[in-house]
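Q: One file is attached below, query_13.cif, containing mmCIF, C-alpha atoms and all ligand atoms.
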```cif
data_target
#
loop_
_atom_site.group_PDB
_atom_site.id
_atom_site.type_symbol
_atom_site.label_atom_id
_atom_site.label_comp_id
_atom_site.auth_asym_id
_atom_site.auth_seq_id
_atom_site.Cartn_x
_atom_site.Cartn_y
_atom_site.Cartn_z
ATOM 1 C CA MET A 21 0.628 0.797 -20.290
ATOM 2 C CA ARG A 22 -2.485 2.832 -21.097
ATOM 3 C CA ARG A 23 -5.682 0.912 -21.756
ATOM 4 C CA SER A 24 -8.376 1.947 -24.242
ATOM 5 C CA PRO A 25 -12.004 2.409 -23.159
ATOM 6 C CA GLU A 26 -12.759 -0.948 -24.882
ATOM 7 C CA GLU A 27 -10.082 -2.682 -22.829
ATOM 8 C CA ILE A 28 -11.301 -1.041 -19.641
ATOM 9 C CA ALA A 29 -14.809 -2.281 -20.459
ATOM 10 C CA LYS A 30 -13.441 -5.844 -20.458
ATOM 11 C CA MET A 31 -11.626 -5.222 -17.200
ATOM 12 C CA ARG A 32 -14.874 -3.921 -15.722
ATOM 13 C CA ARG A 33 -16.473 -7.273 -16.560
ATOM 14 C CA ALA A 34 -13.604 -9.119 -14.887
ATOM 15 C CA GLY A 35 -13.835 -6.770 -11.914
ATOM 16 C CA ARG A 36 -17.536 -7.472 -11.451
ATOM 17 C CA VAL A 37 -16.854 -11.198 -11.328
ATOM 18 C CA VAL A 38 -14.289 -10.514 -8.603
ATOM 19 C CA ALA A 39 -16.857 -8.412 -6.729
ATOM 20 C CA GLU A 40 -19.336 -11.288 -6.926
ATOM 21 C CA MET A 41 -16.687 -13.706 -5.604
ATOM 22 C CA HIS A 42 -16.199 -11.348 -2.664
ATOM 23 C CA GLU A 43 -19.907 -11.095 -1.984
ATOM 24 C CA ARG A 44 -20.477 -14.861 -2.062
ATOM 25 C CA ILE A 45 -17.394 -15.609 0.058
ATOM 26 C CA ARG A 46 -18.426 -13.001 2.651
ATOM 27 C CA ALA A 47 -21.818 -14.662 2.876
ATOM 28 C CA ALA A 48 -20.311 -18.154 3.268
ATOM 29 C CA ALA A 49 -17.462 -17.411 5.708
ATOM 30 C CA ARG A 50 -18.432 -18.151 9.324
ATOM 31 C CA PRO A 51 -17.162 -20.229 12.246
ATOM 32 C CA GLY A 52 -16.782 -23.899 11.275
ATOM 33 C CA VAL A 53 -16.318 -23.313 7.536
ATOM 34 C CA THR A 54 -12.963 -24.315 6.029
ATOM 35 C CA THR A 55 -10.949 -22.125 3.707
ATOM 36 C CA ALA A 56 -11.128 -24.932 1.105
ATOM 37 C CA GLU A 57 -14.921 -24.547 1.141
ATOM 38 C CA LEU A 58 -14.498 -20.832 0.398
ATOM 39 C CA ASP A 59 -12.249 -21.743 -2.520
ATOM 40 C CA GLY A 60 -15.120 -23.911 -3.748
ATOM 41 C CA VAL A 61 -17.495 -20.939 -3.526
ATOM 42 C CA ALA A 62 -15.083 -18.884 -5.613
ATOM 43 C CA ARG A 63 -14.741 -21.626 -8.222
ATOM 44 C CA ARG A 64 -18.530 -21.840 -8.556
ATOM 45 C CA VAL A 65 -18.799 -18.109 -9.246
ATOM 46 C CA LEU A 66 -16.034 -18.331 -11.843
ATOM 47 C CA ALA A 67 -17.766 -21.262 -13.546
ATOM 48 C CA GLU A 68 -21.163 -19.527 -13.534
ATOM 49 C CA ARG A 69 -19.658 -16.405 -15.121
ATOM 50 C CA GLN A 70 -17.464 -18.366 -17.555
ATOM 51 C CA ALA A 71 -14.413 -16.673 -16.093
ATOM 52 C CA ARG A 72 -11.056 -18.124 -15.113
ATOM 53 C CA SER A 73 -9.107 -17.636 -11.913
ATOM 54 C CA SER A 74 -6.085 -15.350 -12.194
ATOM 55 C CA PHE A 75 -4.411 -17.306 -9.390
ATOM 56 C CA LEU A 76 -4.962 -21.007 -10.145
ATOM 57 C CA GLY A 77 -1.710 -22.268 -11.656
ATOM 58 C CA TYR A 78 0.037 -18.904 -11.294
ATOM 59 C CA ARG A 79 3.640 -19.989 -10.617
ATOM 60 C CA GLY A 80 2.050 -23.259 -9.518
ATOM 61 C CA PHE A 81 -0.436 -21.767 -7.019
ATOM 62 C CA PRO A 82 -2.930 -24.578 -6.305
ATOM 63 C CA ALA A 83 -6.187 -22.691 -5.652
ATOM 64 C CA ALA A 84 -8.571 -20.114 -7.118
ATOM 65 C CA ILE A 85 -8.218 -17.674 -4.211
ATOM 66 C CA CYS A 86 -5.828 -16.830 -1.395
ATOM 67 C CA THR A 87 -7.124 -17.155 2.177
ATOM 68 C CA SER A 88 -4.958 -15.684 4.927
ATOM 69 C CA PRO A 89 -6.252 -15.840 8.524
ATOM 70 C CA ASN A 90 -5.106 -13.701 11.463
ATOM 71 C CA ASP A 91 -1.311 -13.193 11.397
ATOM 72 C CA MET A 92 -1.115 -14.391 7.788
ATOM 73 C CA VAL A 93 -0.508 -11.385 5.540
ATOM 74 C CA VAL A 94 -1.103 -12.753 2.019
ATOM 75 C CA HIS A 95 -0.905 -15.790 -0.292
ATOM 76 C CA GLY A 96 -2.435 -18.327 2.091
ATOM 77 C CA ILE A 97 -3.496 -21.572 0.397
ATOM 78 C CA PRO A 98 -7.095 -22.657 1.060
ATOM 79 C CA GLY A 99 -7.199 -25.976 2.890
ATOM 80 C CA ASP A 100 -8.527 -27.651 6.000
ATOM 81 C CA TYR A 101 -8.181 -24.578 8.230
ATOM 82 C CA ARG A 102 -11.536 -24.192 9.948
ATOM 83 C CA LEU A 103 -12.580 -20.608 10.701
ATOM 84 C CA GLU A 104 -13.154 -19.753 14.345
ATOM 85 C CA GLU A 105 -15.182 -17.075 16.081
ATOM 86 C CA GLY A 106 -12.891 -14.065 16.568
ATOM 87 C CA ASP A 107 -10.687 -14.733 13.521
ATOM 88 C CA ILE A 108 -10.042 -12.193 10.859
ATOM 89 C CA LEU A 109 -9.646 -13.578 7.341
ATOM 90 C CA SER A 110 -8.056 -11.934 4.311
ATOM 91 C CA VAL A 111 -9.397 -13.147 0.970
ATOM 92 C CA ASP A 112 -7.766 -12.271 -2.352
ATOM 93 C CA CYS A 113 -9.586 -13.040 -5.624
ATOM 94 C CA GLY A 114 -8.675 -12.626 -9.278
ATOM 95 C CA ALA A 115 -10.715 -13.323 -12.404
ATOM 96 C CA ILE A 116 -9.991 -13.316 -16.125
ATOM 97 C CA VAL A 117 -12.735 -12.342 -18.597
ATOM 98 C CA ALA A 118 -12.042 -11.965 -22.327
ATOM 99 C CA GLY A 119 -8.312 -12.045 -21.597
ATOM 100 C CA TYR A 120 -8.355 -9.241 -19.001
ATOM 101 C CA HIS A 121 -7.807 -9.494 -15.259
ATOM 102 C CA GLY A 122 -9.507 -8.101 -12.175
ATOM 103 C CA ASP A 123 -7.825 -8.417 -8.764
ATOM 104 C CA ALA A 124 -9.183 -7.419 -5.359
ATOM 105 C CA ALA A 125 -8.922 -8.409 -1.712
ATOM 106 C CA PHE A 126 -10.680 -7.754 1.577
ATOM 107 C CA THR A 127 -10.341 -8.729 5.219
ATOM 108 C CA MET A 128 -13.416 -9.734 7.211
ATOM 109 C CA ALA A 129 -14.363 -10.558 10.766
ATOM 110 C CA ILE A 130 -15.481 -14.093 11.561
ATOM 111 C CA GLY A 131 -18.161 -13.485 14.162
ATOM 112 C CA ALA A 132 -17.271 -11.013 16.896
ATOM 113 C CA VAL A 133 -13.640 -9.876 16.852
ATOM 114 C CA ALA A 134 -11.434 -7.884 19.231
ATOM 115 C CA PRO A 135 -11.647 -4.080 18.934
ATOM 116 C CA GLN A 136 -8.023 -3.890 17.754
ATOM 117 C CA ALA A 137 -8.772 -6.348 14.940
ATOM 118 C CA ARG A 138 -11.775 -4.251 13.908
ATOM 119 C CA ARG A 139 -9.619 -1.120 13.969
ATOM 120 C CA LEU A 140 -6.901 -2.800 11.875
ATOM 121 C CA MET A 141 -9.438 -3.630 9.166
ATOM 122 C CA GLU A 142 -10.899 -0.110 9.218
ATOM 123 C CA VAL A 143 -7.486 1.533 8.963
ATOM 124 C CA THR A 144 -6.359 -0.747 6.104
ATOM 125 C CA GLU A 145 -9.517 -0.102 4.108
ATOM 126 C CA ALA A 146 -9.241 3.656 4.751
ATOM 127 C CA ALA A 147 -5.611 3.502 3.568
ATOM 128 C CA LEU A 148 -6.725 1.815 0.334
ATOM 129 C CA TRP A 149 -9.262 4.571 -0.329
ATOM 130 C CA ALA A 150 -6.688 7.262 0.452
ATOM 131 C CA GLY A 151 -4.446 5.647 -2.171
ATOM 132 C CA ILE A 152 -7.267 5.454 -4.706
ATOM 133 C CA GLY A 153 -7.893 9.161 -4.123
ATOM 134 C CA GLN A 154 -4.413 9.910 -5.487
ATOM 135 C CA MET A 155 -5.254 8.425 -8.903
ATOM 136 C CA GLU A 156 -5.519 11.715 -10.734
ATOM 137 C CA ASP A 157 -4.351 12.599 -14.217
ATOM 138 C CA GLY A 158 -0.850 14.111 -13.960
ATOM 139 C CA ASN A 159 -0.288 13.115 -10.341
ATOM 140 C CA ARG A 160 2.835 11.102 -9.515
ATOM 141 C CA LEU A 161 2.496 7.351 -9.029
ATOM 142 C CA ASN A 162 4.165 7.250 -5.629
ATOM 143 C CA GLU A 163 1.730 9.732 -4.125
ATOM 144 C CA ILE A 164 -0.474 6.653 -3.793
ATOM 145 C CA GLY A 165 1.970 5.018 -1.396
ATOM 146 C CA ARG A 166 2.560 8.258 0.451
ATOM 147 C CA ALA A 167 -1.182 8.611 1.114
ATOM 148 C CA VAL A 168 -1.520 4.957 2.191
ATOM 149 C CA GLU A 169 1.430 5.201 4.558
ATOM 150 C CA GLU A 170 0.169 8.397 6.149
ATOM 151 C CA VAL A 171 -3.136 6.790 7.151
ATOM 152 C CA VAL A 172 -1.410 3.693 8.536
ATOM 153 C CA GLU A 173 1.287 5.541 10.466
ATOM 154 C CA LYS A 174 -1.205 7.931 12.037
ATOM 155 C CA ALA A 175 -2.964 4.865 13.409
ATOM 156 C CA GLY A 176 0.297 3.511 14.849
ATOM 157 C CA MET A 177 0.285 0.455 12.566
ATOM 158 C CA SER A 178 2.842 -0.787 10.004
ATOM 159 C CA VAL A 179 2.797 -0.974 6.205
ATOM 160 C CA VAL A 180 4.178 -4.221 4.761
ATOM 161 C CA ARG A 181 7.045 -3.358 2.423
ATOM 162 C CA GLU A 182 7.899 -6.684 0.761
ATOM 163 C CA TYR A 183 4.665 -6.848 -1.264
ATOM 164 C CA VAL A 184 3.263 -4.053 -3.406
ATOM 165 C CA GLY A 185 0.449 -3.196 -5.790
ATOM 166 C CA HIS A 186 0.882 -3.392 -9.547
ATOM 167 C CA GLY A 187 -0.271 -2.529 -13.002
ATOM 168 C CA ILE A 188 -2.886 -4.966 -14.325
ATOM 169 C CA GLY A 189 -4.397 -5.772 -17.719
ATOM 170 C CA THR A 190 -3.777 -8.794 -19.915
ATOM 171 C CA ALA A 191 -1.496 -10.077 -17.144
ATOM 172 C CA MET A 192 -2.326 -9.973 -13.448
ATOM 173 C CA HIS A 193 1.012 -8.376 -12.591
ATOM 174 C CA GLU A 194 2.249 -5.685 -14.955
ATOM 175 C CA ASP A 195 4.485 -2.668 -14.512
ATOM 176 C CA PRO A 196 4.615 -0.444 -12.603
ATOM 177 C CA GLN A 197 4.972 -1.604 -9.029
ATOM 178 C CA VAL A 198 2.786 0.411 -6.646
ATOM 179 C CA PRO A 199 4.430 0.583 -3.207
ATOM 180 C CA ASN A 200 2.298 1.278 -0.165
ATOM 181 C CA TYR A 201 4.913 3.676 1.186
ATOM 182 C CA TRP A 202 6.917 6.608 -0.104
ATOM 183 C CA PRO A 203 9.892 4.994 -1.871
ATOM 184 C CA GLY A 204 11.978 8.162 -1.914
ATOM 185 C CA ARG A 205 11.107 9.259 -5.440
ATOM 186 C CA PRO A 206 7.887 10.498 -7.069
ATOM 187 C CA GLY A 207 7.773 7.968 -9.934
ATOM 188 C CA PRO A 208 6.087 8.462 -13.311
ATOM 189 C CA ARG A 209 3.031 10.606 -13.945
ATOM 190 C CA LEU A 210 -0.364 8.927 -13.887
ATOM 191 C CA LYS A 211 -2.355 9.268 -17.086
ATOM 192 C CA VAL A 212 -5.866 8.455 -18.268
ATOM 193 C CA GLY A 213 -5.925 4.773 -19.246
ATOM 194 C CA HIS A 214 -3.637 3.563 -16.491
ATOM 195 C CA VAL A 215 -5.086 0.655 -14.514
ATOM 196 C CA LEU A 216 -3.565 -0.248 -11.156
ATOM 197 C CA ALA A 217 -4.212 -2.790 -8.437
ATOM 198 C CA ILE A 218 -3.732 -0.830 -5.216
ATOM 199 C CA GLU A 219 -3.374 -3.147 -2.237
ATOM 200 C CA PRO A 220 -2.144 -2.082 1.179
ATOM 201 C CA MET A 221 -1.184 -4.849 3.604
ATOM 202 C CA VAL A 222 -1.080 -3.539 7.172
ATOM 203 C CA ASN A 223 0.239 -5.164 10.347
ATOM 204 C CA LEU A 224 -0.967 -4.313 13.823
ATOM 205 C CA GLY A 225 2.616 -4.755 15.080
ATOM 206 C CA GLN A 226 5.856 -4.435 13.155
ATOM 207 C CA ALA A 227 6.248 -4.518 9.374
ATOM 208 C CA PRO A 228 8.591 -7.475 8.714
ATOM 209 C CA THR A 229 7.150 -10.695 7.282
ATOM 210 C CA VAL A 230 8.269 -14.315 6.943
ATOM 211 C CA THR A 231 7.327 -16.864 4.256
ATOM 212 C CA LEU A 232 6.344 -20.298 5.585
ATOM 213 C CA ALA A 233 7.749 -23.629 4.396
ATOM 214 C CA ASP A 234 4.899 -24.125 1.862
ATOM 215 C CA GLY A 235 6.630 -21.417 -0.175
ATOM 216 C CA TRP A 236 3.483 -19.264 -0.327
ATOM 217 C CA SER A 237 2.010 -18.311 3.033
ATOM 218 C CA VAL A 238 3.376 -15.005 4.292
ATOM 219 C CA VAL A 239 2.972 -14.237 8.011
ATOM 220 C CA THR A 240 3.958 -11.335 10.230
ATOM 221 C CA ALA A 241 7.359 -11.922 11.818
ATOM 222 C CA ASP A 242 6.085 -10.770 15.227
ATOM 223 C CA GLY A 243 2.852 -12.785 15.113
ATOM 224 C CA SER A 244 0.656 -9.678 15.064
ATOM 225 C CA LEU A 245 -2.587 -9.524 13.075
ATOM 226 C CA SER A 246 -2.507 -8.384 9.455
ATOM 227 C CA ALA A 247 -5.144 -7.033 7.045
ATOM 228 C CA HIS A 248 -5.249 -6.583 3.257
ATOM 229 C CA PHE A 249 -7.605 -4.536 1.088
ATOM 230 C CA GLU A 250 -7.245 -4.236 -2.688
ATOM 231 C CA HIS A 251 -9.128 -2.856 -5.671
ATOM 232 C CA THR A 252 -8.383 -2.703 -9.381
ATOM 233 C CA VAL A 253 -8.747 0.951 -10.364
ATOM 234 C CA ALA A 254 -8.795 2.586 -13.817
ATOM 235 C CA LEU A 255 -7.917 6.232 -14.314
ATOM 236 C CA THR A 256 -10.674 7.565 -16.597
ATOM 237 C CA PRO A 257 -11.312 11.113 -17.868
ATOM 238 C CA ALA A 258 -13.806 11.410 -15.001
ATOM 239 C CA GLY A 259 -11.225 10.331 -12.386
ATOM 240 C CA PRO A 260 -10.530 6.975 -10.725
ATOM 241 C CA GLU A 261 -13.052 4.212 -11.421
ATOM 242 C CA VAL A 262 -12.964 1.185 -9.111
ATOM 243 C CA LEU A 263 -13.511 -1.774 -11.427
ATOM 244 C CA THR A 264 -13.827 -4.414 -8.709
ATOM 245 C CA LEU A 265 -17.111 -3.215 -7.221
ATOM 246 C CA ALA A 266 -20.492 -4.821 -7.845
ATOM 247 C CA GLY A 267 -22.240 -3.208 -10.830
HETATM 248 MG MG MG B 1 -4.938 -9.567 -5.184
HETATM 249 MG MG MG B 2 -2.845 -7.689 -6.635
#
```
The structure in this file should be written as structure tokens.
Ligand code: MG
Ligand code: MG

A:
Amino acid sequence: MRRSPEEIAKMRRAGRVVAEMHERIRAAARPGVTTAELDGVARRVLAERQARSSFLGYRGFPAAICTSPNDMVVHGIPGDYRLEEGDILSVDCGAIVAGYHGDAAFTMAIGAVAPQARRLMEVTEAALWAGIGQMEDGNRLNEIGRAVEEVVEKAGMSVVREYVGHGIGTAMHEDPQVPNYWPGRPGPRLKVGHVLAIEPMVNLGQAPTVTLADGWSVVTADGSLSAHFEHTVALTPAGPEVLTLAG
């Protein structure tokens, strides 16, 4: 679906709330803090900005954000897990403003982390930006995944295949799916007005994942570390605009 400039303006507002959630969570996350406390930080930002969480209640999800430490890939439920020095933590946030969604994720170091953890985060973020760089009018959708995969494979890491990016607008998850790999076909052409959440998940080891008994938490099958970076990006006449950055 193609969004009008007025709709994209609303999504920009939602995106800025998400960016503020990121900023405040980054500032609060340190050794000794629980992931439930970070969920509280996110809820305060949402309340202050009169926004709603995209995640709370989504298919029964019980929190405002997802918090996924270390070998957890995505969809972790905030709770009594206490962050430790050397952890990496993936945080995914979504906000609804005026009926439109913003969705973005990042992975951060908790104190000093191992060089390979640092490298994993750098590669995943670079892969996200390589994908964003493919959002050009007339380009094919799946060039995004091809660009993401190239960055990850060059680094000797693995792209998660079970979870993908997505269109976003009045629903958090809209068509099309945006794989983080080349799916064997080019897909539709990108046009001005398309808004996508691009979100590579990258494992330091092998790609396969397992869902835990809580029905949400996804971990790497081999126990290796995983990172996740995501932005909501609109294709404007001037090129890609990342909506989930601070204004
Ligand atoms: Mg997300
Ligand atoms: Mg998403």

Q: Report as a list in words the full result of the PyMOL selection byres (((not hetatm)) within 9 of (chain B and resi 1)) when it is applied to this structure.

A: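 Given this file, the PyMOL selection byres (((not hetatm)) within 9 of (chain B and resi 1)) evaluates to Phe75, Ile85, Cys86, Val94, His95, Val111, Asp112, Cys113, Gly114, Gly122, Asp123, Ala124, Ala125, Gly185, Met192, Ala217, Ile218, Glu219, His248, Phe249, Glu250, His251 and Thr252 of chain A.
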
Q: When you count all atoms listed in the file, which of these residues is closest to Gly96 of chain A: A:Gly77, A:Ala83, A:Gln197, A:Thr127?

A: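 Smallest separation from Gly96 of chain A among the options: A:Ala83.
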
Q: Restricting the calculation to all atoms listed in the file, which member of A:Pro196, A:Gly165, A:Gly187, A:Pro208 is positioned closest to ligand MG 2 (chain B)?

A: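 Nearest to ligand MG 2 (chain B): A:Gly187.
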
Q: Using the chain letters and numbers from the file, give me the residues hit by the PyMOL selection byres (((chain A and resi 128-140) around 12) and not hetatm), as a PyMOL selection string.

A: chain A and resi 42-43+45-54+87-91+102-112+125-127+141-147+171-173+175-179+220-225+244-249

Q: Find the residues near Gly235 of chain A: any atom within 12 Å, counting all atoms listed in the file, skip ones fewer than 2 places away on the same chain, and give them as a PyMOL selection string.

A: chain A and resi 79-82+94-97+230-233+237-239

Q: What is the distance, in Å and to one decimal place, between atom CA of Thr264 of chain A and atom CA of Ala29 of chain A?

A: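 Atom CA of Thr264 of chain A sits 12.0 Å away from atom CA of Ala29 of chain A.
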
Q: Hey, can you check how far atom CA of Thr240 of chain A sits from atom MG of ligand MG 2 (chain B)?

A: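 Separation of atom CA of Thr240 of chain A and atom MG of ligand MG 2 (chain B): 18.5 Å.
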
Q: In Å, rounded to a single decimal, give me how far atom CA of Gly119 of chain A is from atom CA of Asp157 of chain A.

A: 26.0 Å

Q: Report as an MDAnalysis selection string all protein, DNA and RNA residues lying within 9 Å of Gly189 of chain A, evaluated on all atoms listed in the file, omitting residues in the same chain fewer than 3 positions from it.

A: chainID A and resid 21 23 27:28 31 119:122 192:194 215:216

Q: Determine the nearest neighbour of ligand MG 2 (chain B) from the options A:Val212, A:Ala191, A:Ala227, A:Leu76, counting all atoms listed in the file.

A: A:Ala191

Q: List the neighbours of Val168 of chain A out to 7 Å using only C-alpha atoms; skip same-chain residues closer than 4 positions along the sequence, and give me the result as a PyMOL selection string.

A: chain A and resi 147-148+150-151+164+172+200-201

Q: Skip Arg36 of chain A itself and residues of its chain fewer than 6 positions away, then list as a list in words all residues within 8 Å of it, counting all atoms listed in the file.

A: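 The residues that qualify are Leu263, Thr264, Leu265, Ala266 and Gly267 of chain A.
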
Q: Pick from A:Arg166, A:Arg205, A:Arg63, A:Arg32: nearest to Val117 of chain A, with only C-alpha atoms counted?

A: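 When distances to Val117 of chain A are compared using only C-alpha atoms, the smallest one comes from A:Arg32.
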
Q: Would you compute the box with edges along x, y and z of the file around segment 223-231 of chain A, including every atom the file lists for it and 8 Å extra on each side, and give its centre and edge lengths in Å to one decimal, as AutoDock Vina command-line options?

A:
```
--center_x 3.8 --center_y -10.6 --center_z 9.7 --size_x 25.6 --size_y 28.6 --size_z 26.8
```

Q: Output requested as a compact mmCIF listing (two decimals), in the frame of the given file - segment 71-80 of chain A, filled out with all heavy atoms.

A:
```txt
# COMPACT_ATOMS: atom_id res chain seq x y z
N ALA A 71 -15.68 -17.38 -16.30
CA ALA A 71 -14.41 -16.67 -16.09
C ALA A 71 -13.39 -17.67 -15.58
O ALA A 71 -13.74 -18.76 -15.12
CB ALA A 71 -14.61 -15.55 -15.08
N ARG A 72 -12.13 -17.29 -15.66
CA ARG A 72 -11.06 -18.12 -15.11
C ARG A 72 -10.42 -17.42 -13.93
O ARG A 72 -10.44 -16.19 -13.84
CB ARG A 72 -10.00 -18.40 -16.19
CG ARG A 72 -10.49 -19.39 -17.25
CD ARG A 72 -9.35 -19.83 -18.14
NE ARG A 72 -8.79 -18.72 -18.90
CZ ARG A 72 -7.49 -18.41 -18.93
NH1 ARG A 72 -6.60 -19.11 -18.26
NH2 ARG A 72 -7.07 -17.38 -19.65
N SER A 73 -9.84 -18.20 -13.05
CA SER A 73 -9.11 -17.64 -11.91
C SER A 73 -7.77 -17.08 -12.40
O SER A 73 -7.06 -17.72 -13.18
CB SER A 73 -8.85 -18.72 -10.86
OG SER A 73 -7.91 -18.24 -9.91
N SER A 74 -7.42 -15.89 -11.91
CA SER A 74 -6.08 -15.35 -12.19
C SER A 74 -5.01 -16.10 -11.42
O SER A 74 -3.83 -16.04 -11.78
CB SER A 74 -6.02 -13.88 -11.77
OG SER A 74 -6.99 -13.12 -12.43
N PHE A 75 -5.41 -16.76 -10.32
CA PHE A 75 -4.41 -17.31 -9.39
C PHE A 75 -4.10 -18.78 -9.66
O PHE A 75 -2.96 -19.21 -9.47
CB PHE A 75 -4.89 -17.19 -7.94
CG PHE A 75 -5.19 -15.79 -7.46
CD1 PHE A 75 -5.75 -15.58 -6.21
CD2 PHE A 75 -4.89 -14.67 -8.23
CE1 PHE A 75 -6.03 -14.31 -5.74
CE2 PHE A 75 -5.17 -13.39 -7.77
CZ PHE A 75 -5.74 -13.21 -6.52
N LEU A 76 -5.14 -19.56 -10.01
CA LEU A 76 -4.96 -21.01 -10.14
C LEU A 76 -3.88 -21.29 -11.18
O LEU A 76 -4.00 -20.88 -12.34
CB LEU A 76 -6.29 -21.66 -10.55
CG LEU A 76 -6.29 -23.18 -10.66
CD1 LEU A 76 -6.01 -23.84 -9.30
CD2 LEU A 76 -7.63 -23.67 -11.21
N GLY A 77 -2.81 -21.95 -10.75
CA GLY A 77 -1.71 -22.27 -11.66
C GLY A 77 -0.67 -21.17 -11.81
O GLY A 77 0.36 -21.39 -12.44
N TYR A 78 -0.94 -19.99 -11.21
CA TYR A 78 0.04 -18.90 -11.29
C TYR A 78 1.29 -19.29 -10.52
O TYR A 78 1.23 -19.49 -9.30
CB TYR A 78 -0.58 -17.61 -10.73
CG TYR A 78 0.34 -16.42 -10.74
CD1 TYR A 78 0.47 -15.64 -11.88
CD2 TYR A 78 1.10 -16.08 -9.62
CE1 TYR A 78 1.33 -14.54 -11.90
CE2 TYR A 78 1.96 -15.00 -9.62
CZ TYR A 78 2.07 -14.23 -10.78
OH TYR A 78 2.90 -13.15 -10.79
N ARG A 79 2.40 -19.47 -11.23
CA ARG A 79 3.64 -19.99 -10.62
C ARG A 79 3.37 -21.24 -9.78
O ARG A 79 3.98 -21.45 -8.74
CB ARG A 79 4.32 -18.93 -9.75
CG ARG A 79 4.75 -17.72 -10.56
CD ARG A 79 5.54 -16.75 -9.70
NE ARG A 79 5.89 -15.55 -10.45
CZ ARG A 79 6.42 -14.47 -9.90
NH1 ARG A 79 6.66 -14.43 -8.60
NH2 ARG A 79 6.72 -13.42 -10.63
N GLY A 80 2.37 -22.02 -10.22
CA GLY A 80 2.05 -23.26 -9.52
C GLY A 80 1.10 -23.11 -8.34
O GLY A 80 0.86 -24.09 -7.62
```
